[in-house]
Amino acid sequence: MAEERRQKHCSVVLPTESMKAMAESVGVGQLQEDSCVALSEEVSYRIKEIAQDALKFMHHGKRRKLTTSDIDNALKLKNVEPLYGFQSQEFIPFRFASGGGRELHFYEEKEADLSDIINTPLPRVPLDVSLKAHWLSIEGMQPAIPENPPPATKEQQKAESTEPLKVVKPGQEEEGTIQGKSQGTTTPDGKGKEKGLIRLKPRSTHELSVEQQLYYKEITEACVGSCEAKRAEALQSIATDPGLYQMLPRFSTFISEGVRVNVVQNNLALLIYLMRMVKALMDNPTLYLEKYLHELIPAVVTCIVSKQLCLRPDVDNHWALRDFAARLMAQSCKTFSTTTNNIQSRITKTFTKSWLDDKTQWTTRYGCIAGLAELGSDVIKTLIIPRLAVEGARIKAVMEGPVVSNIDKIGAEHVQSLLLKHCASVIAKLRPQPDNVDQYRTDYGYLGPMLCSHVMKARTQAALQAQQVNRTTLTITQPRPTLSVSQSGLSGSSGPRTPSIIKVPSSLTLMSPRPGTPSQPSPPATKYIVMATSAGAASTQQVITLSSSQSASPVTSTVPSATSTLQPLVKLESGSGAGLTASRPLQKYIVVSLPSSASSSLETKSSVLPTSISSSSLDGGMKLERSESPGASTQSPH
Amino acid sequence: MIALTGKNQSYVLVLYGLCFPLIHVAHAQFILKMAAVQGGMGDADIKTDIKTEPSADGFGNNNANDGRVLSASPGSSSSTGSNKQTAAVTPEDQQTLLAVLQFLKKNKLSESVEILRREAGLPENSLDPKANESAGAGSGGAAGIVDLEGGDASSLLSRVTGSSSAGAQAPTKGTFICGGKKDQPDVSVVLSAYSQQGDPTLYKVYYRDLKKFIETVLDCHRAELSQVFYPLFVHMYLELVYNNHESEAKAFFEKFSGDQECYYEEDLRILSGLTKKEHMRGNETLLDFRTSKFVLRISRDSYQLLKRHLQERQNNQIWNIIQEHLYIDIFDGMPRSKSQIDAMSGSLAGEAKREANKTKVYYGLLKEPEIELPLDDEDEEAENEEGKPKKKKPKKDSVGSKSKKQDPNAPSQNRIPLPELKDSDKLDKIMYMKEATKRIRLGPDNLPSVCFYTFLNAYQGLTAVDLTDDSSLIAGGFADSTVRVWSVTPKKLRKVKSAADLNLIDKESDDVLERIMDEKTASESKIMYGHSGPVYGISFSPDRNYLLSSSEDGTVRLWSLLTFTCLVAYKGHNYPVWDTQFSPYGYYFVSGGHDRVARLWATDHYQPLRIFSGHLADITCTRFHPNSNYVATGSSDRTIRLWDVLSGNCVRIFTGHKGPIHSLAFSPNGKFLASGATDGRVLLWDIGHGLMVGELKGHTDTIYSLRFSRDGEILASGSMDNTVRLWDAMKAFDDLETDDFTAATGHIHLQDNSQELLLGTYTTKSTPVIHLHFTRRNLLLAAGAFNP
């Protein structure tokens, strides 16, 4: 291989056409072919020479990328005037164009509108160089802090869980030795890696350090405790901390046990908290949950389909929990479903089976449908829409028939709205334009007319959004994500030795779900801006979400804060981490948490919101939050 | 050709002679001081040392005038070092000296005549009779040349006198401007070696024949003889190119370049670009190839075999190349194995000759000066009393059987004059001892903690880092030409008050040192502007009062850390200066750069005291030996050289790296040297024996920093691959068995035990590690710029 490369080195010479083109550009009309050849050889040689010198500057600059300044310096070495003014932001500043049999490389120089430049807000001032210290290793052990890379990267964890028989990679090997040291195996050969011998992977239980134990205690207490601010911090920590790998089994058991106990006790609030923990774990870019799905999935499914989740099913909003858990379920299906574990198909089967059962309660029914609906439009199309008529009949029986019980009626109502919500958008895409009420009635039975109106609404909504998008994208291209990531860089927390709850003002925490840990690039598909943070009570807060997940058309939803008395904390989630954005339609929700007594104003607000793909999930989220506040009050006596 | 060479050399010498009285009068004092110092040494040494010294200086200053001319002038660069080692002053040397004297005299520069004569130890009367003779023979040519280029020389002279500060710079520039004129004779002389005409089409046949022969030879000889391939290939290719057989050259290259060892790829890439005779002029790599003979070490048996084969075949073409361009270092005994050869090869010009590493090196440490204990605090005193033996102890262990008085391997205390200890230095020493008592004993079971200093928002611009010995300050050199200093202790950085304010303070008060500082300027970091190019090297003085920085702009700057201003810009390199470092005792510093020479400076001289020349490519890193008597330089020619500060001679050449060397570290006992290169390997060298004693593999990218722990038990390496690795240095050095045979032949047999020696790997978050430092208590500090 090396041989081939070398031969290439030898033969690479600039094409003579380039010489001609350059000669023409300086006014030499007819250049002889011989001269061209000689010139191109000479020029190629000189360029190679300069490039080789430039490499020296790169090496001494301790960089891996060759920059234009390296070339300048190399030219200076040769006593050649450097290329002044050639400062390119991009790595390769040329554009390529061809046409009419000619090929051209050129600089792209766009016409700049001065007024635009003047009117654009000034870019952020680049921060000055600063120095920051952290512990890379403490007596031979690398502490798991945000400044250090995670002990096992997500890829490693994935490889470990999906291909356990694969040869251990060097990185893991090191991790193994580090762990070996942490366990206090002081055998001298424990450190030297016995090559050639069969590598036995240490199957020990990880003993958590005192700090980790404290952290675990703090986090779990905060997650299920009564203080919402603390919980937010704890969840934030779970979602971002890179050092949780070793605590993952504990968390997963905690969640699974917690759900088991609280379902029996019908403690809705706690179930919600636990589900939020699951969400946070899934959001953590450094964790790969595959190994713990056997504990987590049953817990999540329980929260979706359980007959009873709260003490007073007629009053408490357990529906939101089901929605939320269903979304979690869908997310984990997307992330972890493989041909070997078949999570998605198994889950689908489970849901369908209990849905088809006539004796199933309305609550479970709701959960099944929600679970299925979250799996995507394909599932809705193949599994839900064909059953709309049957389900409609059943709803009709409850709604219009003799009054059986209030609970059943509420359940039926919820199922109905759920079906309408999810099916409308799918049907809008499936069916051709003229929406005929009668046609709908014949196709979908009882739900037909309502579906029809929903579908029409969905269509107009989609059209409206398309317009909005065009307007908003222009303003949104301004921020440079690279800059902000580099700045937030390592400075997330002030160098604690052990994982700890990152102390950030809570409103800020919610604004940006992940204050960029450097390893996690901001998902390129999703851009979001939070404009104008709340300064006082009377503030206008606006959230523009612009996201293009799969479909090319981004969805925008503008949430104007309706009442000035609201001081919402807006949590804005880009559907998932970079890796999770699969074919799932954009899933995002906005949680508006309110200072105690403002629930009525929220109600008005949610009605203001247009029903659409995004807003539907959005108001689910809101309900969730609202249902939480009573939950918190019930929690406090504990 | 030989005559030409002689002329050339003497011409340069004459030039030097011109500059000498003007520029170097200032140095005379220092040199004399040195000479006086030597007077106190053993009788046997006096004569040779004194004699060697000026001649070395002379050669050094050739380079000062023009590095290029030197590398282009045949024989001078490569042979200077070794010549002088074998015989103190050869007759030729003496003659050239006399010639210089003669010239000086003719120009009525009697004072410098006097100085030079005194230094050279020539008797007063030796000048006249001998000089006549030599002027007739040797320097007749020199005079001729001077006449020829008289205008040039005088213009140089005027420039030197005109711009005294840019003394060394001016002549260099001068020679460079008229480089075309002057380089040419040199180049053509060198190139003419290639002018022999053979049938270009036969080259392939010759090479193939030889290849076939070597492939069929006995296994034990094959590895050794295979060494011949690469230099032969290169020279045959160059011959073809020189004789304008372009297509044949290309075909030849394509056919056989694949056979060469992979570590020559860099050079082959350069070669591949070179297809025309015109390209050869001015290509430095090629000039090196021709000016310096490629050194091969081959056992006598193998050599005989090769010789017989070539003679039988009447293969004169190859035989000529071997005779002219190769230096075959023949040894008696068993041929070496492939792995042994591979361990040592890889440098630009083959292995080091065996005799190049034979000179005695005083690698021992200097005796610590006895410091009277401070009388002000009794507790402190007690602590020091018990502190001292403790501190001595580890040193004793690591150095081995070191007696209380003087290490036999140590140079005499005043071999080179060292600055007097100031009161503040003594205080610092006491602090050091106190800290040393609290030092952690490191080992495989007791690894150091690593504290990482991350430079945030450096935008890829961090190019150099240094920490003070007491770890209180950290300095960074940046690509934007700035030098920044941070205080990493709560003590802020303050400037000295202005002159007007200084007048007001009470100079008699006890805390006068505190009073001179301006509280208003206190801040955590200071920026110093002055360079006009990226800052590639940076070094604190041991007393923390000064900072050195070297830059792309060709200067080394000395900054005061009291006023945070630039004090001196040392000019001389003219090309990017890649590295600089203060001597462990202060006052002296060394710098090395793209001009292939390392210079030794003293802070109070604007001209270098010594110029170390011999490397065939850029000097990429420079390090002082802990006893300050030696300087190690690493280079892009993939060799490491150790230079004697006193004589300016190269006393060790280490080959074995396969890429440019970017980091060096001496073990605290001065016995060993560690080096790291772009090939990601750390090599360990025994300075006393001049041998490679270890190879540490593990890094996957350039190693930019190496550091031994304070007691030498752990070697830490930091690399571009974002890791810090810790190695068991004790074990690496203990394991080696240096029997007499190994020492005599220089054959090493390395076991591959990198994995056993690796104690830990710590990955950073996309932060290349560019500096490492052990604090006095053995805490490891690492630094690098976060690079998202």
# chains A, B, ... in the order shown; residues from 1 in each chain; ligands from 1
>>> closest_atom_pairs(of="chain B", to="chain A", cutoff="6 Å", atoms="only C-alpha atoms", output="CSV")
residue,atom,partner,partner_atom,distance
B:Glu254,CA,A:Gln7,CA,5.9
B:Gly258,CA,A:Glu3,CA,4.6
B:Ser272,CA,A:Cys10,CA,4.8
B:Gly273,CA,A:Tyr45,CA,5.6
B:Leu447,CA,A:Gly140,CA,5.1
B:Pro448,CA,A:Glu139,CA,5.1
B:Ser449,CA,A:Ile138,CA,4.3
B:Val450,CA,A:Ser137,CA,4.8
B:Cys451,CA,A:Trp135,CA,4.5
B:Phe452,CA,A:His134,CA,5.3
B:Tyr453,CA,A:Ala133,CA,4.4
B:Thr454,CA,A:Lys132,CA,5.1
B:Phe455,CA,A:Leu131,CA,4.7
B:Leu456,CA,A:Ser130,CA,5.2
B:Asn457,CA,A:Val129,CA,4.9
B:Ala458,CA,A:Val129,CA,5.3
B:Thr463,CA,A:Gly61,CA,5.0
B:Glu756,CA,A:Gly192,CA,4.7
B:Thr764,CA,A:Asn148,CA,5.7
B:Lys765,CA,A:Pro149,CA,5.2
>>> write_last_selection(atoms="all heavy atoms", output="short mmCIF file (atom, residue, chain, number, x, y, z; two decimals), in the first residue's frame")
data_model
loop_
_atom_site.label_atom_id
_atom_site.label_comp_id
_atom_site.auth_asym_id
_atom_site.auth_seq_id
_atom_site.Cartn_x
_atom_site.Cartn_y
_atom_site.Cartn_z
N GLU B 254 10.41 4.67 -9.26
CA GLU B 254 9.17 3.94 -9.13
C GLU B 254 9.42 2.48 -8.88
O GLU B 254 8.69 1.82 -8.15
CB GLU B 254 8.33 4.12 -10.39
CG GLU B 254 7.35 5.27 -10.26
CD GLU B 254 6.74 5.64 -11.59
OE1 GLU B 254 6.35 4.72 -12.33
OE2 GLU B 254 6.66 6.86 -11.88
N GLY B 258 9.62 1.39 -3.46
CA GLY B 258 8.78 0.57 -2.60
C GLY B 258 9.57 -0.37 -1.72
O GLY B 258 9.07 -0.81 -0.68
N SER B 272 11.07 12.26 -4.25
CA SER B 272 10.17 12.00 -5.38
C SER B 272 9.81 13.30 -6.09
O SER B 272 9.57 13.31 -7.29
CB SER B 272 8.91 11.30 -4.90
OG SER B 272 8.12 12.20 -4.18
N GLY B 273 9.77 14.36 -5.32
CA GLY B 273 9.41 15.63 -5.95
C GLY B 273 10.53 16.18 -6.82
O GLY B 273 10.33 17.06 -7.64
N LEU B 447 1.39 5.88 42.12
CA LEU B 447 1.46 6.74 40.95
C LEU B 447 1.16 8.18 41.33
O LEU B 447 0.43 8.43 42.29
CB LEU B 447 0.46 6.26 39.90
CG LEU B 447 0.78 4.90 39.29
CD1 LEU B 447 -0.33 4.49 38.35
CD2 LEU B 447 2.10 4.96 38.55
N PRO B 448 1.73 9.10 40.60
CA PRO B 448 1.47 10.50 40.93
C PRO B 448 0.07 10.92 40.52
O PRO B 448 -0.52 10.33 39.61
CB PRO B 448 2.52 11.24 40.09
CG PRO B 448 2.77 10.35 38.94
CD PRO B 448 2.61 8.95 39.44
N SER B 449 -0.43 11.91 41.18
CA SER B 449 -1.66 12.53 40.72
C SER B 449 -1.32 13.49 39.60
O SER B 449 -0.23 14.06 39.58
CB SER B 449 -2.33 13.29 41.85
OG SER B 449 -2.64 12.41 42.89
N VAL B 450 -2.23 13.64 38.69
CA VAL B 450 -1.98 14.52 37.56
C VAL B 450 -2.98 15.67 37.62
O VAL B 450 -4.19 15.43 37.65
CB VAL B 450 -2.14 13.80 36.21
CG1 VAL B 450 -1.69 14.71 35.09
CG2 VAL B 450 -1.35 12.51 36.20
N CYS B 451 -2.47 16.85 37.65
CA CYS B 451 -3.34 18.02 37.59
C CYS B 451 -3.18 18.63 36.21
O CYS B 451 -2.07 18.88 35.76
CB CYS B 451 -2.95 19.03 38.66
SG CYS B 451 -3.93 20.52 38.59
N PHE B 452 -4.27 18.84 35.54
CA PHE B 452 -4.19 19.30 34.15
C PHE B 452 -4.61 20.76 34.06
O PHE B 452 -5.68 21.13 34.51
CB PHE B 452 -5.09 18.45 33.26
CG PHE B 452 -4.68 18.50 31.82
CD1 PHE B 452 -3.92 17.48 31.27
CD2 PHE B 452 -5.01 19.58 31.01
CE1 PHE B 452 -3.51 17.53 29.95
CE2 PHE B 452 -4.60 19.63 29.70
CZ PHE B 452 -3.85 18.61 29.17
N TYR B 453 -3.72 21.56 33.50
CA TYR B 453 -4.07 22.96 33.24
C TYR B 453 -4.53 23.08 31.80
O TYR B 453 -3.75 22.89 30.87
CB TYR B 453 -2.85 23.85 33.47
CG TYR B 453 -2.54 24.05 34.92
CD1 TYR B 453 -1.51 23.37 35.54
CD2 TYR B 453 -3.31 24.92 35.69
CE1 TYR B 453 -1.25 23.54 36.89
CE2 TYR B 453 -3.06 25.09 37.03
CZ TYR B 453 -2.02 24.42 37.63
OH TYR B 453 -1.78 24.59 38.95
N THR B 454 -5.79 23.36 31.65
CA THR B 454 -6.32 23.48 30.30
C THR B 454 -6.37 24.94 29.90
O THR B 454 -6.88 25.77 30.65
CB THR B 454 -7.75 22.91 30.24
OG1 THR B 454 -7.74 21.65 30.89
CG2 THR B 454 -8.18 22.73 28.81
N PHE B 455 -5.85 25.24 28.73
CA PHE B 455 -5.99 26.58 28.18
C PHE B 455 -7.28 26.61 27.39
O PHE B 455 -7.41 25.90 26.39
CB PHE B 455 -4.81 26.92 27.27
CG PHE B 455 -3.54 27.17 28.02
CD1 PHE B 455 -2.78 26.12 28.49
CD2 PHE B 455 -3.10 28.45 28.27
CE1 PHE B 455 -1.61 26.33 29.18
CE2 PHE B 455 -1.94 28.67 28.97
CZ PHE B 455 -1.18 27.62 29.43
N LEU B 456 -8.21 27.40 27.86
CA LEU B 456 -9.48 27.48 27.16
C LEU B 456 -9.46 28.66 26.21
O LEU B 456 -8.76 29.64 26.44
CB LEU B 456 -10.62 27.64 28.16
CG LEU B 456 -10.80 26.46 29.11
CD1 LEU B 456 -11.76 26.82 30.20
CD2 LEU B 456 -11.29 25.25 28.35
N ASN B 457 -10.25 28.55 25.19
CA ASN B 457 -10.40 29.62 24.19
C ASN B 457 -9.07 30.00 23.54
O ASN B 457 -8.85 31.14 23.19
CB ASN B 457 -11.01 30.88 24.81
CG ASN B 457 -12.23 30.56 25.61
OD1 ASN B 457 -13.08 29.80 25.16
ND2 ASN B 457 -12.31 31.08 26.81
N ALA B 458 -8.19 29.04 23.42
CA ALA B 458 -6.91 29.36 22.80
C ALA B 458 -7.01 29.29 21.29
O ALA B 458 -6.09 29.69 20.60
CB ALA B 458 -5.84 28.42 23.29
N THR B 463 1.23 27.39 21.47
CA THR B 463 2.35 26.71 20.84
C THR B 463 3.43 26.28 21.81
O THR B 463 4.25 25.46 21.48
CB THR B 463 2.98 27.60 19.76
OG1 THR B 463 3.08 28.92 20.28
CG2 THR B 463 2.13 27.64 18.53
N GLU B 756 4.83 -3.68 29.84
CA GLU B 756 5.09 -3.86 31.27
C GLU B 756 5.48 -2.55 31.92
O GLU B 756 5.21 -2.33 33.09
CB GLU B 756 6.23 -4.86 31.47
CG GLU B 756 5.85 -6.29 31.17
CD GLU B 756 7.08 -7.15 31.01
OE1 GLU B 756 8.02 -6.99 31.81
OE2 GLU B 756 7.10 -7.97 30.08
N THR B 764 -7.21 12.82 27.93
CA THR B 764 -7.85 14.10 28.16
C THR B 764 -8.99 14.23 27.17
O THR B 764 -9.16 13.41 26.28
CB THR B 764 -6.87 15.25 27.91
OG1 THR B 764 -6.54 15.26 26.52
CG2 THR B 764 -5.61 15.08 28.71
N LYS B 765 -9.73 15.29 27.38
CA LYS B 765 -10.86 15.51 26.48
C LYS B 765 -10.39 16.41 25.35
O LYS B 765 -10.28 17.61 25.51
CB LYS B 765 -11.96 16.20 27.26
CG LYS B 765 -13.34 15.75 26.90
CD LYS B 765 -14.31 16.32 27.88
CE LYS B 765 -15.62 15.57 27.85
NZ LYS B 765 -16.51 16.04 28.89
#
>>> select_by_dssp(residues="region 341-372 of chain A", states="alpha helix (DSSP H)", output="ChimeraX atom specification")
/A:343-356,362-372
>>> write_last_selection(atoms="C-alpha atoms", output="PDB file, in the first residue's frame")
ATOM      1  CA  ILE A 343     -37.908  -4.606  21.154  1.00  0.00           C
ATOM      2  CA  GLN A 344     -40.203  -2.719  18.882  1.00  0.00           C
ATOM      3  CA  SER A 345     -42.079  -5.694  17.572  1.00  0.00           C
ATOM      4  CA  ARG A 346     -42.412  -7.218  20.994  1.00  0.00           C
ATOM      5  CA  ILE A 347     -43.714  -4.010  22.425  1.00  0.00           C
ATOM      6  CA  THR A 348     -46.090  -3.548  19.544  1.00  0.00           C
ATOM      7  CA  LYS A 349     -47.419  -7.022  20.056  1.00  0.00           C
ATOM      8  CA  THR A 350     -47.946  -6.446  23.729  1.00  0.00           C
ATOM      9  CA  PHE A 351     -49.859  -3.251  23.116  1.00  0.00           C
ATOM     10  CA  THR A 352     -51.971  -4.643  20.328  1.00  0.00           C
ATOM     11  CA  LYS A 353     -52.870  -7.727  22.266  1.00  0.00           C
ATOM     12  CA  SER A 354     -54.264  -5.903  25.228  1.00  0.00           C
ATOM     13  CA  TRP A 355     -55.919  -3.326  23.056  1.00  0.00           C
ATOM     14  CA  LEU A 356     -57.788  -5.984  21.127  1.00  0.00           C
ATOM     15  CA  TRP A 362     -60.245   2.362  29.283  1.00  0.00           C
ATOM     16  CA  THR A 363     -57.083   3.377  31.069  1.00  0.00           C
ATOM     17  CA  THR A 364     -55.092   0.499  29.680  1.00  0.00           C
ATOM     18  CA  ARG A 365     -56.691   0.988  26.344  1.00  0.00           C
ATOM     19  CA  TYR A 366     -55.577   4.573  26.340  1.00  0.00           C
ATOM     20  CA  GLY A 367     -52.067   3.522  27.240  1.00  0.00           C
ATOM     21  CA  CYS A 368     -51.918   0.931  24.480  1.00  0.00           C
ATOM     22  CA  ILE A 369     -53.069   3.383  21.877  1.00  0.00           C
ATOM     23  CA  ALA A 370     -50.704   6.056  23.112  1.00  0.00           C
ATOM     24  CA  GLY A 371     -47.849   3.607  23.097  1.00  0.00           C
ATOM     25  CA  LEU A 372     -48.605   2.516  19.577  1.00  0.00           C
TER      26      LEU A 372
END
>>> residues_around(residues="region 295-307 of chain A", least_positions_apart="5", cutoff="9 Å", atoms="only C-alpha atoms", output="PyMOL selection string")
chain A and resi 252-253+255-260+263+271-272+275+278+289+319+321-326+328-329+332+347+351+360-368+370-371
